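Asker: The structure under discussion is supplied below as structure tokens; questions concerning it will follow.
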Amino acid sequence: MQGFDLSHLVLLLPGLVLAFSVHEYAHARAAVSLGDSTPRLQGRLTLDPMAHLDLIGTLLLLFYGFGWAKPVQIDPRNLRHPRRDMTFIAAAGPLANVIAAFFLGVLLVSGFLRIPFVANVHYVGDIIRYALSINITLAAFNLIPVPPLDGANVLIGLLPENQARAVENLAPYGPLVLFVLVFSGAVRYVLGPFISAVTGVVLVGVEGVARLFGLPF
């Protein structure tokens, strides 16, 4: 980290809290909807950030750009169709971040920032833009098909059983692969296509809403 910039951290923090909370809540909600009550029993079926944030993971993300939230625990034995349902549960987190980014984008083009009491609050626009970017980045990062990221679990659910088992066998090495990707800087090149895809989806949606209501885009 090059120096301590408190103002930058203040702008980032709301977006990080929102992105992590939405992401983990979506996993919990999907699991409960598909038959596993474990997240409800563990108090994860909430948007309260305190239920989802990991102190060390959040601090590392703020200062070093790489961190984590508390993972939602799932018991596949409680699911009606474990293999299929685990795919839906894994996809729910990134999808929730994409939806959050979409609504933040709509907020930016809706005229919200021109409301008098909002316009008088410094940096509201910057906070929303950071939050939008963070949600897109978190969704894209989790789509990387490396265990234990959501992308790997989605891939496992989509592949034929033999190939899915091969991906599952890579799970013990997943954290090491992620460590190398992140600290070598290679993750930027891996993330690029995912960020472009997610951003494209969000922009198409926001543009559609803007055109529908005659808003500037």
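Following the order of the structure tokens, first chain is A, next is B, and so on, with residues numbered from 1 inside each chain and ligands from 1 in the order they appear.
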If you count only C-alpha atoms, which residues fall within 10 Å of Val206 of chain A, apart from same-chain ones fewer than 6 positions away, as a list in words?

Answerer: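 So the residues in contact are Ala101, Phe102, Phe103, Leu104, Gly105, Val106, Leu107, Leu108, Val109, Ser110, Gly200, Leu212 and Phe217 of chain A.
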
Asker: Check which residues of segment 130-171 of chain A sit at most 12 Å from segment 21-37 of chain A using only C-alpha atoms, and return one row each with the closest pair of atoms and their distance in Å to one decimal, ordered by chain and rising number, as JSON lines.

Answerer:
{"residue": "A:Ala131", "atom": "CA", "partner": "A:Val22", "partner_atom": "CA", "distance": 11.8}
{"residue": "A:Ile134", "atom": "CA", "partner": "A:His23", "partner_atom": "CA", "distance": 11.5}
{"residue": "A:Asn135", "atom": "CA", "partner": "A:His23", "partner_atom": "CA", "distance": 8.8}
{"residue": "A:Ile136", "atom": "CA", "partner": "A:His23", "partner_atom": "CA", "distance": 11.3}
{"residue": "A:Thr137", "atom": "CA", "partner": "A:His23", "partner_atom": "CA", "distance": 12.0}
{"residue": "A:Leu138", "atom": "CA", "partner": "A:His23", "partner_atom": "CA", "distance": 8.6}
{"residue": "A:Ala139", "atom": "CA", "partner": "A:His23", "partner_atom": "CA", "distance": 8.4}
{"residue": "A:Asn142", "atom": "CA", "partner": "A:His23", "partner_atom": "CA", "distance": 10.0}
{"residue": "A:Asp150", "atom": "CA", "partner": "A:His27", "partner_atom": "CA", "distance": 9.9}

Asker: Residues of segment 35-156 of chain A classed as helix (DSSP H, G or I) by DSSP on the backbone are to be reported as a ChimeraX atom specification.

Answerer: /A:38-41,49-51,55-64,76-78,82-109,112-114,116-119,124-142,150-156

Asker: Quick one: of A:Val180, A:Gly65, A:Ala90, A:Val124, who's nearest to Ala152 of chain A, counting only C-alpha atoms?

Answerer: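 Nearest candidate to Ala152 of chain A out of A:Val180, A:Gly65, A:Ala90, A:Val124: A:Ala90.
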
Asker: Go through A:Pro216, A:Gly205, A:Pro71, A:Pro160 and flag the residue nearest Arg83 of chain A, using only C-alpha atoms for the distances.

Answerer: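 Nearest to Arg83 of chain A: A:Pro160.
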